[in-house]
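Next comes my_file-v1.txt, with compact mmCIF, C-alpha atoms.
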```txt
# COMPACT_ATOMS: atom_id res chain seq x y z
CA MET A 21 8.79 22.99 23.95
CA ILE A 22 11.71 21.59 21.98
CA ASP A 23 11.42 21.96 18.25
CA ARG A 24 11.98 18.75 16.35
CA ILE A 25 13.99 20.65 13.76
CA ASP A 26 16.65 21.26 16.41
CA LEU A 27 17.41 17.54 16.69
CA PRO A 28 20.59 16.80 14.69
CA ALA A 29 20.76 13.55 12.74
CA GLY A 30 23.28 12.03 10.39
CA VAL A 31 26.05 14.40 11.45
CA GLU A 32 28.62 11.59 11.49
CA PRO A 33 28.96 9.00 8.69
CA GLY A 34 26.62 6.06 9.18
CA LEU A 35 25.31 7.29 12.54
CA ARG A 36 21.86 8.86 12.54
CA PHE A 37 21.96 9.39 16.29
CA ALA A 38 23.00 7.66 19.52
CA LEU A 39 21.18 8.20 22.82
CA LEU A 40 22.10 7.15 26.33
CA LEU A 41 18.83 6.70 28.27
CA ASP A 42 18.82 7.97 31.85
CA SER A 43 16.01 5.58 33.04
CA ARG A 44 13.82 8.62 33.84
CA GLY A 45 12.45 9.28 30.36
CA GLY A 46 15.34 11.45 29.23
CA CYS A 47 18.56 10.89 27.33
CA ARG A 48 21.96 12.22 26.38
CA ASP A 49 23.32 12.43 22.84
CA LEU A 50 26.50 10.56 21.93
CA ASP A 51 28.78 10.59 18.91
CA TRP A 52 30.81 7.71 17.49
CA GLN A 53 33.49 8.27 20.12
CA GLY A 54 30.90 8.17 22.88
CA VAL A 55 29.37 4.99 21.43
CA ASP A 56 32.76 3.27 21.39
CA ALA A 57 33.48 4.42 24.94
CA TRP A 58 30.08 3.23 26.27
CA ARG A 59 29.89 0.47 28.86
CA PRO A 60 26.72 -1.38 30.01
CA GLU A 61 27.00 0.14 33.49
CA ASP A 62 26.62 3.62 31.94
CA GLY A 63 22.96 2.98 31.12
CA PHE A 64 20.83 1.75 28.25
CA LEU A 65 22.23 2.75 24.85
CA TRP A 66 20.16 3.28 21.69
CA VAL A 67 22.16 3.56 18.47
CA HIS A 68 20.32 4.35 15.23
CA LEU A 69 22.33 3.65 12.06
CA GLU A 70 22.14 3.86 8.27
CA ARG A 71 22.02 0.25 7.09
CA ASP A 72 23.46 0.97 3.62
CA SER A 73 26.46 2.93 4.90
CA ASP A 74 29.99 1.49 4.70
CA ASP A 75 30.80 3.05 8.08
CA THR A 76 27.83 1.26 9.63
CA ALA A 77 28.87 -2.07 8.10
CA ALA A 78 32.43 -1.64 9.36
CA TRP A 79 31.27 -0.78 12.89
CA ILE A 80 28.75 -3.63 13.03
CA GLN A 81 31.29 -6.17 11.88
CA GLN A 82 34.35 -4.92 13.76
CA SER A 83 33.41 -2.81 16.79
CA SER A 84 29.86 -3.63 17.87
CA GLY A 85 30.74 -6.87 19.65
CA ILE A 86 27.77 -8.80 18.25
CA ASP A 87 27.93 -12.16 16.50
CA PRO A 88 28.98 -11.94 12.83
CA LEU A 89 25.90 -13.88 11.73
CA VAL A 90 23.69 -11.42 13.58
CA GLY A 91 25.63 -8.60 11.94
CA GLU A 92 24.95 -10.06 8.49
CA ALA A 93 21.23 -10.30 9.32
CA LEU A 94 21.16 -6.68 10.47
CA LEU A 95 22.83 -5.54 7.26
CA ALA A 96 20.69 -7.72 4.95
CA GLU A 97 18.93 -5.76 2.23
CA ASP A 98 15.57 -7.47 1.70
CA THR A 99 13.98 -8.98 4.79
CA ARG A 100 10.51 -9.89 5.99
CA PRO A 101 9.22 -8.99 9.47
CA ARG A 102 10.28 -11.58 12.01
CA ILE A 103 11.39 -12.16 15.60
CA GLU A 104 14.45 -14.31 16.39
CA PRO A 105 15.44 -14.79 20.04
CA ILE A 106 19.19 -15.27 20.40
CA GLU A 107 20.18 -16.20 23.97
CA GLU A 108 19.28 -13.16 26.11
CA ALA A 109 18.82 -10.85 23.13
CA MET A 110 16.52 -10.59 20.10
CA LEU A 111 16.86 -9.84 16.40
CA ILE A 112 13.71 -8.11 15.18
CA VAL A 113 12.71 -6.92 11.73
CA LEU A 114 9.66 -4.67 11.42
CA ARG A 115 8.19 -2.62 8.59
CA GLY A 116 7.10 1.00 8.78
CA ILE A 117 5.76 3.64 6.43
CA ASN A 118 8.45 5.50 4.51
CA ARG A 119 7.77 9.24 4.75
CA ALA A 120 10.16 10.15 1.96
CA GLU A 121 8.77 11.89 -1.11
CA VAL A 122 7.19 8.84 -2.76
CA GLU A 123 3.87 8.77 -4.60
CA GLU A 124 2.60 5.47 -3.20
CA ALA A 125 2.51 3.81 0.20
CA GLU A 126 5.73 1.96 0.90
CA LEU A 127 6.61 -0.23 3.86
CA VAL A 128 10.33 -0.13 4.54
CA PRO A 129 12.29 -2.33 6.95
CA ILE A 130 13.74 -1.35 10.29
CA HIS A 131 16.24 -3.85 11.72
CA ILE A 132 16.55 -4.06 15.50
CA TRP A 133 19.05 -5.79 17.76
CA ILE A 134 18.23 -5.45 21.42
CA ASP A 135 19.63 -6.96 24.61
CA ALA A 136 19.47 -5.99 28.25
CA SER A 137 21.74 -2.95 27.90
CA ARG A 138 21.69 -1.85 24.26
CA ALA A 139 19.48 -1.46 21.19
CA LEU A 140 20.71 -1.06 17.62
CA THR A 141 18.24 0.07 14.96
CA LEU A 142 19.06 0.33 11.26
CA ARG A 143 17.23 1.78 8.27
CA ASP A 144 18.29 2.84 4.79
CA ARG A 145 19.69 6.30 4.20
CA ASP A 146 16.82 7.44 1.93
CA HIS A 147 14.05 6.12 4.17
CA HIS A 148 12.41 8.37 6.74
CA LEU A 149 10.57 6.70 9.60
CA VAL A 150 8.62 9.26 11.59
CA ALA A 151 8.12 6.72 14.40
CA LEU A 152 11.78 6.79 15.42
CA ARG A 153 11.98 10.56 15.20
CA ASP A 154 8.95 10.88 17.48
CA ILE A 155 10.50 8.57 20.09
CA ARG A 156 13.72 10.53 20.01
CA PHE A 157 11.81 13.78 20.40
CA ALA A 158 10.01 12.37 23.45
CA LEU A 159 13.32 11.29 24.97
CA VAL A 160 14.89 14.69 24.45
CA ALA A 161 11.80 16.25 26.05
CA GLY A 162 12.12 13.89 29.07
CA ARG A 163 8.95 11.89 28.26
CA GLY A 164 10.46 8.91 26.48
CA PRO A 165 10.86 5.22 27.31
CA LYS A 166 12.76 4.41 30.47
CA THR A 167 13.87 0.84 29.66
CA GLY A 168 14.90 -1.17 26.64
CA GLY A 169 11.64 -3.10 26.65
CA ALA A 170 9.65 0.13 26.71
CA LEU A 171 11.73 1.44 23.81
CA LEU A 172 11.02 -1.69 21.77
CA MET A 173 7.30 -1.43 22.46
CA GLN A 174 7.22 2.24 21.48
CA ILE A 175 8.96 1.44 18.19
CA ALA A 176 6.46 -1.34 17.42
CA ASP A 177 3.53 0.83 18.49
CA LYS A 178 4.49 3.92 16.52
CA VAL A 179 5.39 1.92 13.42
CA ILE A 180 1.86 0.52 13.20
CA ARG A 181 0.46 3.93 14.20
CA ASP A 182 1.86 5.43 11.01
CA VAL A 183 0.35 2.63 8.90
CA GLU A 184 -3.20 3.20 10.11
CA PRO A 185 -3.69 6.67 8.51
CA VAL A 186 -2.55 5.25 5.17
CA ILE A 187 -5.21 2.54 5.39
CA ASP A 188 -7.81 5.17 6.32
CA GLU A 189 -6.82 7.23 3.27
CA MET A 190 -7.23 4.19 1.05
CA ASP A 191 -10.66 3.53 2.55
CA ASP A 192 -11.73 7.15 1.97
CA ALA A 193 -10.45 6.96 -1.62
CA LEU A 194 -12.59 3.87 -2.20
CA GLU A 195 -15.67 5.69 -0.93
CA ARG A 196 -15.02 8.53 -3.37
CA LEU A 197 -14.59 6.04 -6.20
CA GLU A 198 -17.88 4.38 -5.28
CA ASP A 199 -19.61 7.74 -5.73
CA ARG A 200 -17.94 8.14 -9.14
CA LEU A 201 -18.70 4.64 -10.34
CA SER A 202 -21.25 5.90 -12.88
CA ASP A 203 -18.84 8.46 -14.36
CA LYS A 204 -17.92 8.25 -18.01
CA ASP A 205 -14.21 8.50 -17.27
CA SER A 206 -13.78 4.78 -16.73
CA PRO A 207 -10.04 4.61 -17.64
CA ALA A 208 -9.20 7.04 -14.81
CA LEU A 209 -11.38 5.08 -12.37
CA ARG A 210 -9.72 1.81 -13.34
CA SER A 211 -6.29 3.36 -12.90
CA GLU A 212 -7.12 4.66 -9.40
CA LEU A 213 -8.68 1.34 -8.38
CA ALA A 214 -5.65 -0.55 -9.65
CA GLN A 215 -3.35 1.73 -7.63
CA ILE A 216 -5.35 1.17 -4.44
CA ARG A 217 -5.29 -2.59 -5.00
CA ARG A 218 -1.51 -2.53 -5.52
CA ASP A 219 -1.00 -0.50 -2.34
CA ALA A 220 -3.25 -2.82 -0.33
CA ILE A 221 -1.47 -5.92 -1.61
CA HIS A 222 1.95 -4.40 -0.88
CA LEU A 223 1.02 -3.38 2.67
CA ARG A 224 -0.70 -6.70 3.37
CA ARG A 225 2.33 -8.62 2.12
CA TYR A 226 4.44 -7.30 5.00
CA LEU A 227 1.83 -6.65 7.68
CA GLY A 228 0.85 -10.33 7.66
CA PRO A 229 4.34 -11.48 8.74
CA GLN A 230 4.52 -8.51 11.11
CA ARG A 231 1.36 -9.73 12.81
CA GLU A 232 2.88 -13.19 13.18
CA ALA A 233 6.07 -11.62 14.55
CA MET A 234 4.10 -9.69 17.18
CA VAL A 235 2.23 -12.83 18.22
CA HIS A 236 5.55 -14.67 18.45
CA LEU A 237 7.05 -11.89 20.56
CA GLN A 238 4.01 -11.92 22.82
CA ALA A 239 4.56 -15.63 23.54
CA GLU A 240 8.35 -15.34 23.90
CA PRO A 241 9.54 -15.62 27.55
CA THR A 242 12.20 -12.95 27.16
CA PRO A 243 13.50 -11.00 30.18
CA LEU A 244 13.63 -7.85 28.02
CA LEU A 245 9.89 -7.26 28.46
CA ASP A 246 8.45 -6.48 31.87
CA ARG A 247 4.76 -6.74 32.74
CA THR A 248 3.95 -3.22 31.53
CA SER A 249 5.71 -3.80 28.21
CA ARG A 250 3.84 -7.07 27.71
CA LEU A 251 0.51 -5.35 28.32
CA ARG A 252 1.42 -2.75 25.74
CA LEU A 253 2.59 -5.49 23.37
CA ARG A 254 -0.87 -7.03 23.52
CA GLY A 255 -2.38 -3.75 22.39
CA VAL A 256 0.17 -3.39 19.59
CA THR A 257 -0.59 -6.93 18.40
CA ASP A 258 -4.31 -6.17 18.34
CA ARG A 259 -3.67 -3.06 16.24
CA VAL A 260 -1.56 -5.02 13.75
CA VAL A 261 -4.30 -7.66 13.49
CA ARG A 262 -6.91 -4.95 12.94
CA ALA A 263 -4.73 -3.28 10.30
CA CYS A 264 -4.43 -6.58 8.42
CA GLU A 265 -8.20 -7.05 8.56
CA ASP A 266 -8.76 -3.49 7.32
CA LEU A 267 -6.35 -4.09 4.44
CA ASP A 268 -8.20 -7.28 3.52
CA ALA A 269 -11.45 -5.30 3.49
CA VAL A 270 -9.91 -2.55 1.33
CA ARG A 271 -8.53 -5.10 -1.12
CA ASP A 272 -11.88 -6.91 -1.35
CA ARG A 273 -13.83 -3.66 -1.81
CA ALA A 274 -11.42 -2.53 -4.51
CA THR A 275 -11.82 -5.88 -6.27
CA ILE A 276 -15.62 -5.66 -6.12
CA LEU A 277 -15.59 -2.07 -7.43
CA TYR A 278 -13.25 -3.11 -10.24
CA GLN A 279 -15.59 -5.96 -11.16
CA ASP A 280 -18.62 -3.62 -11.06
CA LEU A 281 -16.81 -1.12 -13.26
CA THR A 282 -15.81 -3.87 -15.69
CA ALA A 283 -19.41 -5.12 -15.80
CA GLN A 284 -20.65 -1.59 -16.55
CA ILE A 285 -18.14 -1.24 -19.38
CA GLN A 286 -19.18 -4.62 -20.82
CA GLU A 287 -22.86 -3.68 -20.58
CA SER A 288 -22.14 -0.40 -22.38
CA ILE A 289 -20.29 -2.26 -25.13
CA ALA A 290 -23.13 -4.77 -25.40
CA ARG A 291 -25.74 -1.98 -25.71
CA THR A 292 -23.71 -0.26 -28.39
CA SER A 293 -23.25 -3.49 -30.32
CA TYR A 294 -26.97 -4.20 -30.00
CA ARG A 295 -27.86 -0.79 -31.45
CA PHE A 296 -25.53 -1.34 -34.39
CA THR A 297 -27.03 -4.79 -34.94
CA VAL A 298 -30.59 -3.41 -34.95
CA VAL A 299 -29.64 -0.63 -37.38
CA ALA A 300 -27.92 -3.15 -39.65
CA ALA A 301 -30.98 -5.45 -39.53
CA VAL A 302 -33.35 -2.59 -40.34
CA LEU A 303 -31.25 -1.37 -43.26
CA LEU A 304 -30.60 -4.82 -44.71
CA PRO A 305 -33.84 -5.16 -46.82
CA PRO A 306 -33.62 -1.61 -48.26
CA SER A 307 -29.95 -2.23 -49.01
CA LEU A 308 -30.88 -5.47 -50.80
CA VAL A 309 -33.53 -3.72 -52.87
CA ALA A 310 -31.18 -0.84 -53.69
CA GLY A 311 -28.46 -3.32 -54.65
CA ILE A 312 -30.76 -5.24 -56.99
CA LEU A 313 -32.04 -2.07 -58.66
CA GLY A 314 -28.50 -0.78 -59.04
CA VAL A 315 -27.12 -3.65 -61.10
CA ASN A 316 -25.99 -2.66 -64.57
CA VAL A 317 -28.24 -5.04 -66.61
CA GLY A 318 -31.30 -4.54 -68.69
CA GLY A 319 -34.85 -5.15 -67.58
CA ILE A 320 -34.80 -3.05 -64.40
CA PRO A 321 -38.49 -2.32 -63.67
CA GLY A 322 -39.51 1.33 -63.66
CA SER A 323 -36.43 2.58 -65.44
CA GLN A 324 -38.61 4.46 -67.94
CA ASP A 325 -41.34 5.49 -65.47
CA PRO A 326 -40.88 9.04 -63.99
CA SER A 327 -42.84 8.12 -60.83
CA ALA A 328 -40.95 4.86 -60.17
CA PHE A 329 -38.52 6.52 -57.71
CA PHE A 330 -41.33 7.85 -55.53
CA ASP A 331 -43.09 4.49 -55.67
CA LEU A 332 -39.85 2.83 -54.53
CA ILE A 333 -39.50 5.26 -51.62
CA THR A 334 -43.08 4.49 -50.58
CA ILE A 335 -42.48 0.75 -50.76
CA LEU A 336 -39.28 1.08 -48.66
CA ALA A 337 -41.09 3.21 -46.07
CA VAL A 338 -43.84 0.59 -45.77
CA LEU A 339 -41.19 -2.10 -45.52
CA LEU A 340 -39.41 -0.24 -42.72
CA LEU A 341 -42.72 0.14 -40.86
CA ILE A 342 -43.43 -3.57 -41.19
CA GLN A 343 -39.90 -4.33 -39.91
CA PHE A 344 -40.39 -2.04 -36.93
CA ILE A 345 -43.70 -3.75 -36.04
CA VAL A 346 -42.15 -7.22 -36.37
CA LEU A 347 -39.11 -6.27 -34.24
CA LYS A 348 -41.39 -4.83 -31.58
CA TRP A 349 -43.48 -7.98 -31.60
CA LEU A 350 -40.31 -10.07 -31.22
CA LYS A 351 -39.24 -7.72 -28.37
CA TRP A 352 -35.94 -6.95 -30.11
CA LEU A 353 -36.56 -3.22 -29.68
```
Represent the structure of the file as structure tokens.
Amino acid sequence: MIDRIDLPAGVEPGLRFALLLDSRGGCRDLDWQGVDAWRPEDGFLWVHLERDSDDTAAWIQQSSGIDPLVGEALLAEDTRPRIEPIEEAMLIVLRGINRAEVEEAELVPIHIWIDASRALTLRDRDHHLVALRDIRFALVAGRGPKTGGALLMQIADKVIRDVEPVIDEMDDALERLEDRLSDKDSPALRSELAQIRRDAIHLRRYLGPQREAMVHLQAEPTPLLDRTSRLRLRGVTDRVVRACEDLDAVRDRATILYQDLTAQIQESIARTSYRFTVVAAVLLPPSLVAGILGVNVGGIPGSQDPSAFFDLITILAVLLLIQFIVLKWLKWL
């Protein structure tokens, strides 16, 4: 078995890799010179480029032979998933999970230009899409796509494949948070819930348009997709729809958990305030009596009686008992 580590990438400026498909599931690697020397009769060509490279921009604009407006769209920085048929070709923008060392889920764009004889894919230099690497590995092993339509479907399929485990992880995290909902560490719970909500909103923001793009592609009468590719496209579309529904469920569950946690915090604050109010109400009459007896004027009763202090304590104790009985009767305790 071929080790994926043995697959070179990014050896030449702007070019991640270039593969010439042999229509039997295999391929042959090309460099920039081989890409420039390629002709449609040689076979289907897949060129994977770094979108933010000056060498890529120069080749797209000067040597690729595609329309300048299409070239600008391929090199655009911030794009939403979409499908744009252009004569016998298509401009496609999809989003996949970035497997770089990032702390949160991130959907990054992959720009695709595909016609009957060639496919160009572009992604940023610091983004790592496992889906494309897996397709290349399958081609090198002789088990890859045999046509351009099959290549496009594998890209769309594996892009959504890598999103699904992220959604499952978010769902599992929510289940763990549900079990911890009664914990005292509410700030940590709120922080984790907020992070899950942000991730769900971010993923849903791009998967929604990606779902629409897949539906559009499914209805597009393009010659690039044969019957087998269209059948696979239907399955890919269903998976994107299901991923969007799962993200909606994750977002709604996170919102409900956040509301439950907020309600628990408010109830705790209300109970604490209630206890302080009861204590203040109970201590108010003794405080009033103590305040009156503590004024610095003449005529304070019992000031010359040695047993007056103990009598006062007894009176206050009886007063507290009466207060307790009254508060119980009023159901304030």
Open item on the list: Between A:Val90, A:Ala96, A:Val128, A:Leu341, which residue has the minimum interatomic distance to Leu111 of chain A, considering all atoms listed in the file?
Closed with: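 Among the listed residues, the smallest separation from Leu111 of chain A belongs to A:Val90.
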Open item on the list: Could you tell me how far atom CA of Gly34 of chain A sits from atom CA of Leu89 of chain A, in Å to one decimal place?
Closed with: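 Interatomic distance here is 20.1 Å.
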Task: Point-to-point distance in Å for atom CA of Ile180 of chain A and atom CA of Glu195 of chain A - done: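 These atoms are spaced 23.1 Å apart.
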Task: Close residues, His68 of chain A itself excluded, 7 Å, all atoms listed in the file, min 3 positions apart in chain, as a count of residues only - done: 7
Task: Option closest in space to Ala139 of chain A, from A:Ile112, A:Val235, A:Ala328, A:Leu277 [counting only C-alpha atoms] - done: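 Among the listed residues, A:Ile112 lies closest to Ala139 of chain A.
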TODO: Counting all atoms listed in the file, select every polymer residue within 12 Å of (-31.3, 2.1, -58.6) as defined in the file's coordinates, and provide the selection as a VMD selection string.
DONE: chain A and resid 306 to 317 320 to 323 328 to 330 332 to 333
Task: Coordinates-based distance that separates atom CA of Arg115 of chain A from atom CA of Pro101 of chain A (Å, one decimal) - done: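 Atom CA of Arg115 of chain A lies 6.5 Å from atom CA of Pro101 of chain A.
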Open item on the list: So that I can check the surroundings of Asn118 of chain A, please list as a PyMOL selection string every protein, DNA and RNA residue that reaches within 6 Å of it, counting all atoms listed in the file and ignoring chain neighbours fewer than 3 positions away.
Closed with: chain A and resi 126+128+147-149
- [ ] Find the spatial neighbours of Ser211 of chain A, counting all atoms listed in the file, within a cut-off of 12 Å - ignore same-chain residues fewer than 4 positions away - and output them as an MDAnalysis selection string.
- [x] chainID A and resid 197 205:207 215:218 274 278 281
Kindly export the residues of the current selection with C-alpha atoms, as a PDB file, in the coordinates of the input.
```pdb
ATOM      1  CA  LEU A 197     -14.590   6.040  -6.200  1.00  0.00           C
ATOM      2  CA  ASP A 205     -14.210   8.500 -17.270  1.00  0.00           C
ATOM      3  CA  SER A 206     -13.780   4.780 -16.730  1.00  0.00           C
ATOM      4  CA  PRO A 207     -10.040   4.610 -17.640  1.00  0.00           C
ATOM      5  CA  GLN A 215      -3.350   1.730  -7.630  1.00  0.00           C
ATOM      6  CA  ILE A 216      -5.350   1.170  -4.440  1.00  0.00           C
ATOM      7  CA  ARG A 217      -5.290  -2.590  -5.000  1.00  0.00           C
ATOM      8  CA  ARG A 218      -1.510  -2.530  -5.520  1.00  0.00           C
ATOM      9  CA  ALA A 274     -11.420  -2.530  -4.510  1.00  0.00           C
ATOM     10  CA  TYR A 278     -13.250  -3.110 -10.240  1.00  0.00           C
ATOM     11  CA  LEU A 281     -16.810  -1.120 -13.260  1.00  0.00           C
TER      12      LEU A 281
END
```
Open item on the list: Can you pull out the residues contacting Thr167 of chain A? Cut-off 8 Å, using all atoms listed in the file, and skip same-chain residues under 3 positions away; I want them as an MDAnalysis selection string.
Closed with: chainID A and resid 41 43 64 170:171
All residues 12 Å or closer to Glu189 of chain A, only C-alpha atoms, same chain fewer than 5 positions away omitted, as a JSON list (two decimals) with C-alpha atoms, in the frame of the given file:
```
[["chain", "number", "residue", "atom", "x", "y", "z"],
["A", 124, "GLU", "CA", 2.60, 5.47, -3.20],
["A", 125, "ALA", "CA", 2.51, 3.81, 0.20],
["A", 182, "ASP", "CA", 1.86, 5.43, 11.01],
["A", 183, "VAL", "CA", 0.35, 2.63, 8.90],
["A", 184, "GLU", "CA", -3.20, 3.20, 10.11],
["A", 194, "LEU", "CA", -12.59, 3.87, -2.20],
["A", 195, "GLU", "CA", -15.67, 5.69, -0.93],
["A", 196, "ARG", "CA", -15.02, 8.53, -3.37],
["A", 216, "ILE", "CA", -5.35, 1.17, -4.44],
["A", 219, "ASP", "CA", -1.00, -0.50, -2.34],
["A", 220, "ALA", "CA", -3.25, -2.82, -0.33],
["A", 266, "ASP", "CA", -8.76, -3.49, 7.32],
["A", 267, "LEU", "CA", -6.35, -4.09, 4.44],
["A", 270, "VAL", "CA", -9.91, -2.55, 1.33]]
```
Open item on the list: Here is a test: counting all atoms listed in the file, which residue of A:Asp331, A:Ile106, A:Val299, A:Arg138 is nearest to Leu39 of chain A?
Closed with: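 That would be A:Arg138, the residue with the smallest distance to Leu39 of chain A.
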With 5 Å of padding per side, what axis-aligned box (centre and edge lengths, Å, one decimal) covers all the listed atoms of segment 248-260 of chain A? Give it as AutoDock Vina command-line options.
```
--center_x 0.7 --center_y -4.9 --center_z 22.6 --size_x 20.0 --size_y 14.3 --size_z 27.8
```
Task: For Ile134 of chain A, the nearest of the candidates A:Tyr294, A:Trp66, A:Trp349, A:Phe344, counting only C-alpha atoms - done: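 Among the listed residues, the smallest separation from Ile134 of chain A belongs to A:Trp66.
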Open item on the list: Here is a test: counting all atoms listed in the file, which residue of A:Pro129, A:Pro326, A:Pro165, A:Pro305 is nearest to Leu339 of chain A?
Closed with: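 Checking each of A:Pro129, A:Pro326, A:Pro165, A:Pro305 against Leu339 of chain A, counting all atoms listed in the file, the winner is A:Pro305.
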Task: Using all atoms listed in the file: which of A:Asp177, A:Glu198, A:Glu108, A:Asp268 has the shortest distance to Leu251 of chain A - done: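 Between A:Asp177, A:Glu198, A:Glu108, A:Asp268, the residue approaching Leu251 of chain A most closely is A:Asp177.
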Complete segment 137-158 of chain A at the level of N, CA and C atoms, written as a short mmCIF file (atom, residue, chain, number, x, y, z; two decimals), keeping the file's coordinate frame.
```cif
data_model
loop_
_atom_site.label_atom_id
_atom_site.label_comp_id
_atom_site.auth_asym_id
_atom_site.auth_seq_id
_atom_site.Cartn_x
_atom_site.Cartn_y
_atom_site.Cartn_z
N SER A 137 21.08 -4.24 27.68
CA SER A 137 21.74 -2.95 27.90
C SER A 137 21.86 -2.09 26.64
N ARG A 138 21.45 -2.60 25.48
CA ARG A 138 21.69 -1.85 24.26
C ARG A 138 20.68 -2.23 23.18
N ALA A 139 20.34 -1.23 22.35
CA ALA A 139 19.48 -1.46 21.19
C ALA A 139 20.13 -0.81 19.97
N LEU A 140 20.23 -1.58 18.90
CA LEU A 140 20.71 -1.06 17.62
C LEU A 140 19.55 -1.10 16.64
N THR A 141 19.27 0.02 15.99
CA THR A 141 18.24 0.07 14.96
C THR A 141 18.89 0.57 13.67
N LEU A 142 18.48 -0.02 12.56
CA LEU A 142 19.06 0.33 11.26
C LEU A 142 17.95 0.53 10.24
N ARG A 143 18.11 1.55 9.42
CA ARG A 143 17.23 1.78 8.27
C ARG A 143 18.06 2.39 7.16
N ASP A 144 17.55 2.33 5.94
CA ASP A 144 18.29 2.84 4.79
C ASP A 144 18.39 4.36 4.83
N ARG A 145 19.41 4.87 4.16
CA ARG A 145 19.69 6.30 4.20
C ARG A 145 18.53 7.14 3.64
N ASP A 146 17.87 6.66 2.58
CA ASP A 146 16.82 7.44 1.93
C ASP A 146 15.43 7.13 2.47
N HIS A 147 15.33 6.40 3.55
CA HIS A 147 14.05 6.12 4.17
C HIS A 147 13.88 6.97 5.43
N HIS A 148 12.68 7.47 5.61
CA HIS A 148 12.41 8.37 6.74
C HIS A 148 11.26 7.80 7.56
N LEU A 149 11.57 7.28 8.71
CA LEU A 149 10.57 6.70 9.60
C LEU A 149 10.24 7.70 10.70
N VAL A 150 9.04 8.25 10.62
CA VAL A 150 8.62 9.26 11.59
C VAL A 150 8.55 8.66 12.99
N ALA A 151 8.26 7.36 13.09
CA ALA A 151 8.12 6.72 14.40
C ALA A 151 9.37 6.89 15.25
N LEU A 152 10.54 6.68 14.66
CA LEU A 152 11.78 6.79 15.42
C LEU A 152 12.07 8.23 15.80
N ARG A 153 11.77 9.14 14.89
CA ARG A 153 11.98 10.56 15.20
C ARG A 153 11.11 11.00 16.37
N ASP A 154 9.85 10.50 16.40
CA ASP A 154 8.95 10.88 17.48
C ASP A 154 9.44 10.35 18.83
N ILE A 155 9.97 9.13 18.84
CA ILE A 155 10.50 8.57 20.09
C ILE A 155 11.70 9.37 20.56
N ARG A 156 12.55 9.73 19.63
CA ARG A 156 13.72 10.53 20.01
C ARG A 156 13.29 11.89 20.56
N PHE A 157 12.31 12.49 19.92
CA PHE A 157 11.81 13.78 20.40
C PHE A 157 11.28 13.66 21.83
N ALA A 158 10.54 12.56 22.10
CA ALA A 158 10.01 12.37 23.45
C ALA A 158 11.14 12.18 24.46
#
```
